>>> print(open('coords09.cif').read())   # mmCIF, C-alpha atoms
data_protein
loop_
_atom_site.label_atom_id
_atom_site.label_comp_id
_atom_site.auth_asym_id
_atom_site.auth_seq_id
_atom_site.Cartn_x
_atom_site.Cartn_y
_atom_site.Cartn_z
CA MET A 1 -3.36 23.46 -7.66
CA HIS A 2 -6.17 23.46 -10.23
CA PRO A 3 -8.74 20.73 -9.43
CA VAL A 4 -8.36 19.10 -12.87
CA ALA A 5 -4.58 18.94 -12.47
CA LEU A 6 -4.97 17.59 -8.92
CA ALA A 7 -7.37 14.88 -10.13
CA PHE A 8 -5.06 13.94 -13.02
CA ALA A 9 -2.00 13.75 -10.74
CA ALA A 10 -3.92 11.61 -8.23
CA PHE A 11 -5.17 9.30 -11.00
CA LEU A 12 -1.73 8.82 -12.51
CA THR A 13 0.16 8.30 -9.23
CA ALA A 14 -2.47 5.89 -7.88
CA ALA A 15 -2.31 3.88 -11.12
CA ILE A 16 1.49 3.69 -11.05
CA GLY A 17 1.52 3.13 -7.28
CA THR A 18 -0.90 0.21 -7.51
CA LEU A 19 0.78 -1.28 -10.57
CA GLY A 20 4.16 -1.42 -8.85
CA GLY A 21 2.97 -1.80 -5.24
CA LEU A 22 4.63 1.52 -4.38
CA GLY A 23 1.67 3.19 -2.75
CA GLY A 24 1.71 6.41 -4.77
CA ALA A 25 2.32 8.95 -1.99
CA ILE A 26 6.04 8.96 -2.78
CA LEU A 27 5.06 10.17 -6.27
CA LEU A 28 2.08 12.43 -5.49
CA VAL A 29 3.49 14.37 -2.53
CA PRO A 30 6.54 15.75 -4.43
CA VAL A 31 4.26 16.74 -7.34
CA LEU A 32 1.92 18.62 -4.98
CA VAL A 33 4.80 20.33 -3.18
CA LEU A 34 6.37 21.32 -6.52
CA SER A 35 3.02 22.84 -7.53
CA GLY A 36 3.15 25.10 -4.47
CA MET A 37 1.09 23.17 -1.92
CA GLU A 38 2.40 23.19 1.67
CA ALA A 39 3.93 19.82 2.64
CA LYS A 40 1.72 19.57 5.74
CA TYR A 41 -1.36 19.52 3.47
CA ALA A 42 0.24 17.50 0.67
CA ALA A 43 1.18 14.54 2.93
CA PRO A 44 -2.44 13.72 3.92
CA LEU A 45 -3.50 13.85 0.26
CA GLY A 46 -0.68 11.40 -0.51
CA LEU A 47 -2.08 8.98 2.04
CA VAL A 48 -5.63 9.43 0.70
CA SER A 49 -4.26 8.42 -2.71
CA VAL A 50 -2.55 5.36 -1.19
CA ALA A 51 -5.67 4.27 0.72
CA ALA A 52 -7.84 4.77 -2.38
CA GLY A 53 -5.44 2.76 -4.57
CA SER A 54 -5.31 -0.03 -1.99
CA LEU A 55 -9.12 -0.22 -1.73
CA ALA A 56 -9.52 -0.08 -5.52
CA ALA A 57 -7.09 -2.98 -5.99
CA ALA A 58 -8.53 -5.16 -3.23
CA PRO A 59 -11.55 -6.80 -4.91
CA HIS A 60 -9.60 -7.82 -8.02
CA GLN A 61 -6.54 -8.99 -6.08
CA LEU A 62 -8.68 -10.99 -3.64
CA THR A 63 -10.55 -12.70 -6.47
CA ALA A 64 -7.27 -13.48 -8.27
CA ARG A 65 -5.81 -14.74 -4.92
CA VAL A 66 -2.54 -12.99 -5.70
CA VAL A 67 -2.09 -11.28 -2.30
CA ASN A 68 -0.24 -13.26 0.39
CA HIS A 69 -2.09 -11.94 3.44
CA ARG A 70 -0.05 -14.01 5.90
CA LEU A 71 3.16 -12.47 4.58
CA GLY A 72 1.52 -9.04 4.58
CA VAL A 73 0.31 -9.29 8.18
CA ALA A 74 3.62 -10.74 9.44
CA THR A 75 5.69 -8.00 7.82
CA GLU A 76 3.23 -5.21 8.63
CA ILE A 77 3.58 -5.89 12.37
CA VAL A 78 7.27 -5.01 12.10
CA ALA A 79 6.68 -2.12 9.67
CA SER A 80 3.87 -0.56 11.74
CA SER A 81 5.84 -0.84 14.99
CA ALA A 82 8.86 0.77 13.33
CA ALA A 83 6.64 3.47 11.79
CA LEU A 84 5.33 4.31 15.25
CA VAL A 85 8.91 4.61 16.57
CA GLY A 86 9.85 6.69 13.53
CA ALA A 87 6.93 9.07 14.06
CA LEU A 88 7.85 9.48 17.73
CA ILE A 89 11.50 10.36 16.98
CA SER A 90 10.85 12.27 13.74
CA GLY A 91 11.88 15.60 15.27
CA LEU A 92 15.39 14.32 16.01
CA ILE A 93 16.54 13.77 12.41
CA GLY A 94 17.14 16.51 9.82
CA GLN A 95 14.89 16.40 6.74
CA SER A 96 17.84 16.97 4.38
CA PHE A 97 19.74 13.97 5.76
CA LEU A 98 16.56 11.91 5.60
CA ALA A 99 16.01 12.85 1.94
CA VAL A 100 19.51 11.61 1.05
CA VAL A 101 18.92 8.33 2.90
CA LEU A 102 15.57 7.88 1.12
CA GLY A 103 17.19 8.66 -2.24
CA VAL A 104 20.03 6.18 -1.73
CA VAL A 105 17.60 3.46 -0.63
CA ALA A 106 15.46 4.07 -3.73
CA LEU A 107 18.51 3.89 -6.02
CA VAL A 108 19.78 0.66 -4.41
CA ALA A 109 16.32 -0.90 -4.78
CA ALA A 110 16.18 0.26 -8.41
CA ILE A 111 19.58 -1.29 -9.20
CA ALA A 112 18.70 -4.56 -7.42
CA GLY A 113 15.49 -4.96 -9.41
CA GLY A 114 16.92 -3.72 -12.71
CA ARG A 115 20.00 -5.96 -12.72
CA ARG A 116 18.12 -9.22 -12.38
CA LYS A 117 17.31 -11.09 -15.60
CA GLY A 118 14.48 -13.53 -16.27
CA ILE A 119 11.99 -15.01 -13.82
CA ARG A 120 13.25 -16.44 -10.51
CA ASN A 121 10.16 -18.49 -9.67
CA LEU A 122 9.36 -20.92 -12.49
CA PRO A 123 5.94 -22.47 -13.29
CA ASP A 124 5.21 -25.99 -12.07
CA ALA A 125 3.28 -28.13 -14.58
CA SER A 126 1.82 -30.29 -11.81
CA LEU A 127 -0.10 -27.33 -10.34
CA SER A 128 -3.59 -26.28 -11.37
CA ALA A 129 -6.00 -23.40 -10.78
CA ALA A 130 -7.19 -25.14 -7.60
CA ASP A 131 -3.71 -24.64 -6.07
CA VAL A 132 -3.69 -20.85 -6.49
CA GLY A 133 -3.49 -18.86 -3.26
CA GLU A 134 -1.52 -18.80 -0.05
CA ARG A 135 -0.69 -21.88 2.03
CA SER A 136 -2.20 -22.08 5.50
CA GLY A 137 0.36 -21.78 8.32
CA THR A 138 3.24 -20.78 6.00
CA LEU A 139 4.62 -17.87 3.99
CA ALA A 140 4.28 -19.83 0.74
CA GLY A 141 1.74 -19.97 -2.06
CA VAL A 142 1.00 -20.35 -5.75
CA TYR A 143 0.13 -17.59 -8.18
CA PRO A 144 -1.17 -17.69 -11.76
CA LEU A 145 1.12 -16.57 -14.58
CA GLY A 146 -0.80 -16.69 -17.85
CA ASP A 147 -1.98 -20.28 -18.24
CA GLU A 148 0.65 -21.62 -15.82
CA TYR A 149 0.97 -21.72 -12.03
CA VAL A 150 4.04 -20.64 -10.10
CA PRO A 151 4.90 -21.88 -6.59
CA TYR A 152 6.86 -19.59 -4.26
CA ARG A 153 8.03 -19.41 -0.67
CA ALA A 154 9.34 -16.36 1.18
CA THR A 155 13.01 -16.87 1.98
CA ARG A 156 15.50 -14.93 4.17
CA VAL A 157 12.59 -13.83 6.33
CA PRO A 158 14.71 -12.26 9.15
CA VAL A 159 16.57 -10.07 6.62
CA GLY A 160 13.27 -9.23 4.94
CA LEU A 161 11.80 -8.19 8.28
CA LEU A 162 14.79 -5.88 8.80
CA GLY A 163 13.94 -4.31 5.43
CA MET A 164 10.32 -3.90 6.54
CA ALA A 165 11.50 -2.30 9.78
CA ALA A 166 13.56 0.14 7.71
CA ALA A 167 10.52 0.82 5.50
CA GLY A 168 8.36 1.48 8.55
CA LEU A 169 10.97 3.63 10.26
CA ILE A 170 11.50 5.74 7.14
CA SER A 171 7.73 5.97 6.64
CA GLY A 172 7.25 7.21 10.20
CA LEU A 173 10.14 9.66 9.91
CA SER A 174 9.22 11.11 6.53
CA GLY A 175 5.41 10.87 6.43
CA VAL A 176 5.35 9.11 3.04
CA GLY A 177 4.22 5.49 2.68
CA GLY A 178 6.82 2.71 2.63
CA GLY A 179 5.49 0.66 -0.29
CA TRP A 180 8.39 1.69 -2.51
CA ILE A 181 10.74 -0.07 -0.03
CA LYS A 182 8.41 -2.94 0.89
CA THR A 183 7.89 -4.22 -2.67
CA PRO A 184 11.60 -4.43 -3.63
CA THR A 185 12.38 -5.96 -0.20
CA THR A 186 9.68 -8.62 -0.63
CA SER A 187 10.70 -9.32 -4.22
CA GLU A 188 14.50 -9.04 -4.17
CA VAL A 189 15.31 -10.05 -0.56
CA MET A 190 12.54 -12.53 0.23
CA HIS A 191 12.37 -13.90 -3.35
CA VAL A 192 8.59 -13.55 -3.63
CA PRO A 193 7.39 -13.04 -7.26
CA VAL A 194 7.13 -9.34 -8.08
CA LYS A 195 3.38 -9.46 -8.78
CA VAL A 196 2.67 -11.12 -5.43
CA ALA A 197 5.08 -8.67 -3.74
CA ALA A 198 3.36 -5.68 -5.36
CA ALA A 199 -0.13 -6.94 -4.50
CA THR A 200 0.86 -7.73 -0.91
CA SER A 201 2.45 -4.28 -0.50
CA THR A 202 -0.69 -2.67 -1.93
CA PHE A 203 -2.62 -4.40 0.87
CA THR A 204 -0.19 -3.40 3.64
CA VAL A 205 0.23 0.24 2.56
CA GLY A 206 -3.56 0.56 2.85
CA VAL A 207 -3.28 -0.50 6.50
CA THR A 208 -0.47 1.98 7.18
CA ALA A 209 -2.34 4.76 5.37
CA ALA A 210 -5.44 4.15 7.52
CA VAL A 211 -3.48 4.91 10.69
CA GLY A 212 -1.78 7.91 9.06
CA LEU A 213 -5.13 9.34 7.96
CA LEU A 214 -6.47 8.93 11.48
CA VAL A 215 -3.53 10.98 12.75
CA TYR A 216 -3.97 13.71 10.13
CA GLU A 217 -7.74 13.82 10.73
CA SER A 218 -7.13 14.30 14.47
CA GLN A 219 -4.71 17.14 13.63
CA GLY A 220 -7.24 18.81 11.29
CA ARG A 221 -4.78 18.63 8.36
CA ILE A 222 -7.16 17.08 5.81
CA VAL A 223 -8.82 19.52 3.39
CA VAL A 224 -11.97 17.48 2.78
CA SER A 225 -12.87 18.75 -0.72
CA ASP A 226 -9.31 18.15 -2.01
CA ALA A 227 -9.15 14.77 -0.25
CA ALA A 228 -12.46 13.72 -1.83
CA LEU A 229 -11.22 14.69 -5.30
CA VAL A 230 -7.95 12.80 -4.77
CA ALA A 231 -9.89 9.78 -3.45
CA ALA A 232 -12.23 9.70 -6.46
CA ALA A 233 -9.33 9.97 -8.91
CA GLY A 234 -7.23 7.54 -6.84
CA LEU A 235 -9.99 4.93 -6.88
CA VAL A 236 -10.16 5.11 -10.69
CA GLY A 237 -6.35 5.12 -10.98
CA GLY A 238 -6.03 2.16 -8.60
CA THR A 239 -8.57 0.19 -10.63
CA VAL A 240 -6.63 0.86 -13.84
CA GLY A 241 -3.29 0.04 -12.14
CA VAL A 242 -4.42 -3.35 -10.85
CA ARG A 243 -5.79 -4.32 -14.28
CA LEU A 244 -2.45 -3.40 -15.89
CA GLN A 245 -0.59 -5.36 -13.21
CA HIS A 246 -2.61 -8.44 -14.12
CA LEU A 247 -1.91 -8.02 -17.85
CA LEU A 248 1.80 -7.10 -17.91
CA PRO A 249 4.59 -9.73 -17.73
CA PRO A 250 6.57 -9.79 -14.41
CA PRO A 251 9.95 -8.70 -15.91
CA LEU A 252 8.28 -5.63 -17.41
CA VAL A 253 6.63 -4.77 -14.06
CA ARG A 254 10.00 -5.22 -12.30
CA ARG A 255 11.91 -3.05 -14.81
CA GLY A 256 9.20 -0.40 -14.76
CA LEU A 257 9.39 -0.41 -10.97
CA SER A 258 13.18 0.04 -11.16
CA VAL A 259 12.87 3.02 -13.50
CA ILE A 260 10.31 4.71 -11.22
CA LEU A 261 12.47 4.04 -8.14
CA ALA A 262 15.52 5.50 -9.89
CA VAL A 263 13.56 8.67 -10.75
CA ILE A 264 12.32 8.92 -7.15
CA GLY A 265 15.86 8.42 -5.82
CA VAL A 266 17.37 11.12 -8.02
CA LEU A 267 14.53 13.55 -7.22
CA LEU A 268 14.93 13.01 -3.51
CA ILE A 269 18.70 13.58 -3.58
CA VAL A 270 18.60 16.58 -5.95
CA ARG A 271 15.70 18.34 -4.18
CA ARG A 272 16.83 17.78 -0.54
CA MET B 1 -18.21 -19.17 -2.22
CA ASN B 2 -15.08 -19.05 0.01
CA ASP B 3 -14.40 -16.37 2.62
CA LEU B 4 -12.01 -14.34 0.45
CA LYS B 5 -14.69 -14.10 -2.24
CA VAL B 6 -17.16 -12.83 0.35
CA LEU B 7 -14.57 -10.29 1.53
CA SER B 8 -13.96 -9.32 -2.10
CA ARG B 9 -17.71 -8.66 -2.54
CA ILE B 10 -17.82 -6.56 0.63
CA LEU B 11 -14.80 -4.52 -0.48
CA SER B 12 -16.37 -4.08 -3.94
CA VAL B 13 -19.40 -2.51 -2.25
CA ALA B 14 -17.07 -0.38 -0.07
CA LEU B 15 -15.26 0.72 -3.23
CA ALA B 16 -18.49 1.82 -4.92
CA VAL B 17 -19.75 3.58 -1.78
CA THR B 18 -16.41 5.34 -1.28
CA PHE B 19 -16.43 6.54 -4.89
CA LEU B 20 -19.95 7.98 -4.48
CA PHE B 21 -18.97 9.70 -1.22
CA ALA B 22 -15.75 11.00 -2.82
CA PHE B 23 -17.63 12.32 -5.84
CA GLY B 24 -20.12 14.05 -3.54
CA GLY B 25 -17.32 15.47 -1.40
CA ALA B 26 -15.57 16.88 -4.44
CA PHE B 27 -18.56 18.36 -6.27
CA ILE B 28 -21.46 19.00 -3.83
CA PRO B 29 -21.09 22.43 -2.22
CA GLY B 30 -21.73 23.21 1.44
CA THR B 31 -22.32 20.98 4.43
CA ALA B 32 -23.61 18.02 2.40
CA GLY B 33 -20.37 17.94 0.42
CA GLN B 34 -18.33 18.21 3.62
CA TRP B 35 -20.22 15.26 5.15
CA SER B 36 -19.86 13.23 1.99
CA GLY B 37 -16.09 13.83 1.87
CA THR B 38 -15.69 12.99 5.55
CA ALA B 39 -17.67 9.76 5.04
CA CYS B 40 -15.34 8.89 2.15
CA ILE B 41 -12.28 9.29 4.39
CA ALA B 42 -13.97 7.25 7.14
CA VAL B 43 -14.53 4.32 4.74
CA LEU B 44 -10.92 4.57 3.48
CA ILE B 45 -9.73 4.26 7.10
CA ALA B 46 -12.17 1.49 8.07
CA ALA B 47 -11.78 -0.79 5.01
CA PRO B 48 -8.22 -2.08 5.62
CA VAL B 49 -8.87 -2.53 9.34
CA LEU B 50 -12.00 -4.53 8.52
CA ARG B 51 -9.93 -6.60 6.08
CA VAL B 52 -7.36 -7.52 8.74
CA ALA B 53 -10.12 -8.27 11.28
CA TRP B 54 -11.83 -10.50 8.70
CA LEU B 55 -8.56 -12.40 8.10
CA VAL B 56 -8.10 -12.93 11.85
CA VAL B 57 -11.58 -14.43 12.15
CA ASP B 58 -11.03 -16.58 9.04
CA TRP B 59 -7.64 -17.87 10.21
CA THR B 60 -9.04 -18.64 13.67
CA ARG B 61 -11.93 -20.53 12.08
CA ILE B 62 -9.64 -22.75 9.97
CA GLY B 63 -7.25 -23.35 12.89
CA ASP B 64 -4.31 -21.28 11.61
CA LEU B 65 -3.78 -19.94 15.11
CA ARG B 66 -0.22 -18.68 14.62
CA PHE B 67 -1.27 -16.23 11.92
CA SER B 68 -4.51 -15.45 13.73
CA LEU B 69 -2.35 -14.33 16.66
CA LEU B 70 -0.15 -12.27 14.33
CA GLY B 71 -3.24 -10.59 12.85
CA SER B 72 -4.56 -9.81 16.33
CA THR B 73 -1.18 -8.34 17.23
CA LEU B 74 -1.30 -6.12 14.15
CA LEU B 75 -4.79 -4.88 15.09
CA MET B 76 -3.50 -4.12 18.59
CA ILE B 77 -0.54 -2.16 17.18
CA LEU B 78 -2.89 -0.19 14.94
CA ALA B 79 -5.13 0.60 17.92
CA ILE B 80 -2.13 1.70 20.03
CA SER B 81 -0.83 3.85 17.15
CA GLY B 82 -4.23 5.51 16.84
CA VAL B 83 -4.45 6.21 20.57
CA ILE B 84 -0.89 7.62 20.72
CA ALA B 85 -1.62 9.81 17.69
CA PHE B 86 -4.70 11.29 19.36
CA VAL B 87 -3.01 11.75 22.75
CA ARG B 88 0.02 13.50 21.23
#
>>> encode(input="coords09.cif", output="structure tokens")
Amino acid sequence: MHPVALAFAAFLTAAIGTLGGLGGAILLVPVLVLSGMEAKYAAPLGLVSVAAGSLAAAPHQLTARVVNHRLGVATEIVASSAALVGALISGLIGQSFLAVVLGVVALVAAIAGGRRKGIRNLPDASLSAADVGERSGTLAGVYPLGDEYVPYRATRVPVGLLGMAAAGLISGLSGVGGGWIKTPTTSEVMHVPVKVAAATSTFTVGVTAAVGLLVYESQGRIVVSDAALVAAAGLVGGTVGVRLQHLLPPPLVRRGLSVILAVIGVLLIVRR
Amino acid sequence: MNDLKVLSRILSVALAVTFLFAFGGAFIPGTAGQWSGTACIAVLIAAPVLRVAWLVVDWTRIGDLRFSLLGSTLLMILAISGVIAFVR
């Protein structure tokens, strides 16, 4: 792939991935494979894009206190463990079958997010800027929405953890990040506001990508010059994505996420 | 300044350093470019692990021991995953 095209693809997918908390690898890897790159070299570049987007988003999201780290750490334990199991058994499951499963999951997540109307978590007039952030010892918090402040609490945690296990397992089996499953699970199953869900997923996919990159580095599958170009473009894309996430209204982010998931789902099923 | 703001500053520096390394890795030819690119990947791997470690220390300090334990467990899982990946 031409370096300019590679940089543009990495920029765009990192921006979209960070905006929706999807990670970006699920978008970049198919583009690279379609352009003729071998999948075994495309997958590490996908993870570089995810890690770059996650790092680019971190300073802004930390300052805005929109990430729920406690929720992220609690769910990432399950997701990482499942990803490890998935990686260990990845040779046992056919890639075609896996692509269909991934596609169906993406379409279900798209429908779940797209069907919902309005905002589930409403602002509380008694809250102020001093209340923004996560609550110590719980999976609850407050996030800013314009000039108002919205309280939330993660619900149906056991079911949500099952979703995270599925995300991790699929991530380990397929080699793409699980952010595109984690964000809809956190938002639609655990009833966490979509912006908090996206920001928290952006944090956790960075953790998963770090381990994946370590694996690929040990296998000598990272082409350093390409990875550096993707990282540079991904850092810029991630910075743009997190700014857009801050500016756009939650229903628009959720619907945009649904459209992207639907496209991913159809692509996965058609191209299996 | 609270601990998350300090972490935000540290990650801002990491972001700038990573971008410089990435730029060097992409455009500087030869060994220097290779080293620069490898350093970029090293920072991308280290940053999220540092972030989790920072949270564990912060949660321990404020007495949120349940989540401190969860964070430590996550770090352990990451370490085990890394070791298994290298061994396999």
>>> closest_residue(input="coords09.cif", among="A:Ser35, A:Ser187, A:Asn121, A:Thr204", to="A:Val50", atoms="only C-alpha atoms")
A:Thr204
>>> resolve_selection(input="coords09.cif", expression="the PyMOL selection byres ((chain B and resi 43-54) around 6)", output="JSON list (two decimals) with C-alpha atoms, in the frame of the given file")
[["chain", "number", "residue", "atom", "x", "y", "z"],
["A", 51, "ALA", "CA", -5.67, 4.27, 0.72],
["A", 207, "VAL", "CA", -3.28, -0.50, 6.50],
["A", 210, "ALA", "CA", -5.44, 4.15, 7.52],
["B", 40, "CYS", "CA", -15.34, 8.89, 2.15],
["B", 41, "ILE", "CA", -12.28, 9.29, 4.39],
["B", 42, "ALA", "CA", -13.97, 7.25, 7.14],
["B", 55, "LEU", "CA", -8.56, -12.40, 8.10],
["B", 56, "VAL", "CA", -8.10, -12.93, 11.85],
["B", 57, "VAL", "CA", -11.58, -14.43, 12.15]]
>>> resolve_selection(input="coords09.cif", expression="the PyMOL selection byres ((chain A) within 7 of (chain B))", output="JSON list (two decimals) with C-alpha atoms, in the frame of the given file")
[["chain", "number", "residue", "atom", "x", "y", "z"],
["A", 51, "ALA", "CA", -5.67, 4.27, 0.72],
["A", 52, "ALA", "CA", -7.84, 4.77, -2.38],
["A", 55, "LEU", "CA", -9.12, -0.22, -1.73],
["A", 56, "ALA", "CA", -9.52, -0.08, -5.52],
["A", 58, "ALA", "CA", -8.53, -5.16, -3.23],
["A", 59, "PRO", "CA", -11.55, -6.80, -4.91],
["A", 62, "LEU", "CA", -8.68, -10.99, -3.64],
["A", 63, "THR", "CA", -10.55, -12.70, -6.47],
["A", 70, "ARG", "CA", -0.05, -14.01, 5.90],
["A", 73, "VAL", "CA", 0.31, -9.29, 8.18],
["A", 74, "ALA", "CA", 3.62, -10.74, 9.44],
["A", 77, "ILE", "CA", 3.58, -5.89, 12.37],
["A", 81, "SER", "CA", 5.84, -0.84, 14.99],
["A", 84, "LEU", "CA", 5.33, 4.31, 15.25],
["A", 136, "SER", "CA", -2.20, -22.08, 5.50],
["A", 137, "GLY", "CA", 0.36, -21.78, 8.32],
["A", 206, "GLY", "CA", -3.56, 0.56, 2.85],
["A", 207, "VAL", "CA", -3.28, -0.50, 6.50],
["A", 210, "ALA", "CA", -5.44, 4.15, 7.52],
["A", 211, "VAL", "CA", -3.48, 4.91, 10.69],
["A", 213, "LEU", "CA", -5.13, 9.34, 7.96],
["A", 214, "LEU", "CA", -6.47, 8.93, 11.48],
["A", 215, "VAL", "CA", -3.53, 10.98, 12.75],
["A", 218, "SER", "CA", -7.13, 14.30, 14.47],
["A", 224, "VAL", "CA", -11.97, 17.48, 2.78],
["A", 225, "SER", "CA", -12.87, 18.75, -0.72],
["A", 226, "ASP", "CA", -9.31, 18.15, -2.01],
["A", 228, "ALA", "CA", -12.46, 13.72, -1.83],
["A", 229, "LEU", "CA", -11.22, 14.69, -5.30],
["A", 231, "ALA", "CA", -9.89, 9.78, -3.45],
["A", 232, "ALA", "CA", -12.23, 9.70, -6.46],
["A", 235, "LEU", "CA", -9.99, 4.93, -6.88]]
>>> residues_around(input="coords09.cif", residues="A:Gly20", least_positions_apart="3", cutoff="10 Å", atoms="all atoms listed in the file", output="number ranges by chain")
A: 14-17, 23-24, 179-180, 183-184, 194-195, 197-199, 201-202, 241-242, 244-245, 253-258, 260-261
>>> residues_around(input="coords09.cif", residues="A:Ala106", least_positions_apart="3", cutoff="12 Å", atoms="only C-alpha atoms", output="MDAnalysis selection string")
chainID A and resid 22 26 99:103 109:114 167 170 178:185 257:269
>>> closest_residue(input="coords09.cif", among="A:Val176, A:Ile93, A:Met1, A:Ala57", to="A:Val33", atoms="all atoms listed in the file")
A:Met1
>>> atom_distance(input="coords09.cif", atom1="atom CA of A:Ala39", atom2="atom CA of A:Leu19")
25.1 Å
>>> residues_around(input="coords09.cif", residues="A:Arg65", least_positions_apart="2", cutoff="9 Å", atoms="all atoms listed in the file", output="PDB file with C-alpha atoms, keeping the file's coordinate frame")
ATOM      1  CA  HIS A  60      -9.600  -7.820  -8.020  1.00  0.00           C
ATOM      2  CA  GLN A  61      -6.540  -8.990  -6.080  1.00  0.00           C
ATOM      3  CA  LEU A  62      -8.680 -10.990  -3.640  1.00  0.00           C
ATOM      4  CA  THR A  63     -10.550 -12.700  -6.470  1.00  0.00           C
ATOM      5  CA  VAL A  67      -2.090 -11.280  -2.300  1.00  0.00           C
ATOM      6  CA  ASN A  68      -0.240 -13.260   0.390  1.00  0.00           C
ATOM      7  CA  VAL A 132      -3.690 -20.850  -6.490  1.00  0.00           C
ATOM      8  CA  GLY A 133      -3.490 -18.860  -3.260  1.00  0.00           C
ATOM      9  CA  GLU A 134      -1.520 -18.800  -0.050  1.00  0.00           C
ATOM     10  CA  VAL A 142       1.000 -20.350  -5.750  1.00  0.00           C
ATOM     11  CA  TYR A 143       0.130 -17.590  -8.180  1.00  0.00           C
ATOM     12  CA  PRO A 144      -1.170 -17.690 -11.760  1.00  0.00           C
TER      13      PRO A 144
ATOM     14  CA  LEU B   4     -12.010 -14.340   0.450  1.00  0.00           C
TER      15      LEU B   4
END
>>> axis_aligned_box(input="coords09.cif", around="stretch 201-208 of chain A", padding_each_side="4 Å", output="lines of an AutoDock Vina configuration file")
center_x = -0.6
center_y = -1.2
center_z = 2.6
size_x = 14.0
size_y = 14.4
size_z = 17.1
>>> atom_distance(input="coords09.cif", atom1="atom CA of A:Thr75", atom2="atom CA of A:Tyr152")
16.8 Å
>>> residues_around(input="coords09.cif", residues="A:Pro123", least_positions_apart="5", cutoff="9 Å", atoms="all atoms listed in the file", output="list in words")
Pro144, Leu145, Glu148, Tyr149, Val150 and Pro151 of chain A
>>> residues_around(input="coords09.cif", residues="stretch 42-44 of chain A", least_positions_apart="2", cutoff="8 Å", atoms="only C-alpha atoms", output="MDAnalysis selection string")
chainID A and resid 25 29 32:33 37:40 46:48 175:176 212:213 216 221:222 227
>>> decode(input="coords09.cif", residues="stretch 22-37 of chain B", atoms="N, CA and C atoms", output="compact mmCIF listing (two decimals), in the first residue's frame")
# COMPACT_ATOMS: atom_id res chain seq x y z
N ALA B 22 7.57 8.09 16.27
CA ALA B 22 6.84 7.55 15.12
C ALA B 22 7.23 8.28 13.84
N PHE B 23 7.31 9.60 13.94
CA PHE B 23 7.71 10.41 12.78
C PHE B 23 9.11 10.02 12.32
N GLY B 24 10.01 9.86 13.29
CA GLY B 24 11.37 9.44 12.96
C GLY B 24 11.40 8.06 12.33
N GLY B 25 10.60 7.14 12.91
CA GLY B 25 10.55 5.77 12.38
C GLY B 25 10.02 5.71 10.97
N ALA B 26 9.11 6.63 10.65
CA ALA B 26 8.49 6.62 9.32
C ALA B 26 9.37 7.29 8.27
N PHE B 27 10.13 8.31 8.68
CA PHE B 27 10.81 9.13 7.66
C PHE B 27 12.34 9.14 7.72
N ILE B 28 12.95 8.70 8.82
CA ILE B 28 14.42 8.67 8.89
C ILE B 28 14.89 7.31 8.35
N PRO B 29 15.74 7.32 7.34
CA PRO B 29 16.20 6.04 6.78
C PRO B 29 17.26 5.37 7.67
N GLY B 30 17.43 4.09 7.48
CA GLY B 30 18.52 3.36 8.13
C GLY B 30 18.25 2.97 9.57
N THR B 31 19.36 2.72 10.27
CA THR B 31 19.27 2.20 11.64
C THR B 31 18.59 3.19 12.60
N ALA B 32 18.87 4.47 12.41
CA ALA B 32 18.27 5.48 13.30
C ALA B 32 16.74 5.45 13.21
N GLY B 33 16.24 5.31 11.98
CA GLY B 33 14.80 5.22 11.78
C GLY B 33 14.22 3.97 12.42
N GLN B 34 14.97 2.86 12.27
CA GLN B 34 14.54 1.58 12.85
C GLN B 34 14.45 1.69 14.38
N TRP B 35 15.46 2.30 14.98
CA TRP B 35 15.46 2.49 16.44
C TRP B 35 14.32 3.40 16.87
N SER B 36 14.10 4.45 16.11
CA SER B 36 13.05 5.40 16.44
C SER B 36 11.68 4.71 16.40
N GLY B 37 11.45 3.92 15.36
CA GLY B 37 10.18 3.20 15.22
C GLY B 37 9.98 2.19 16.34
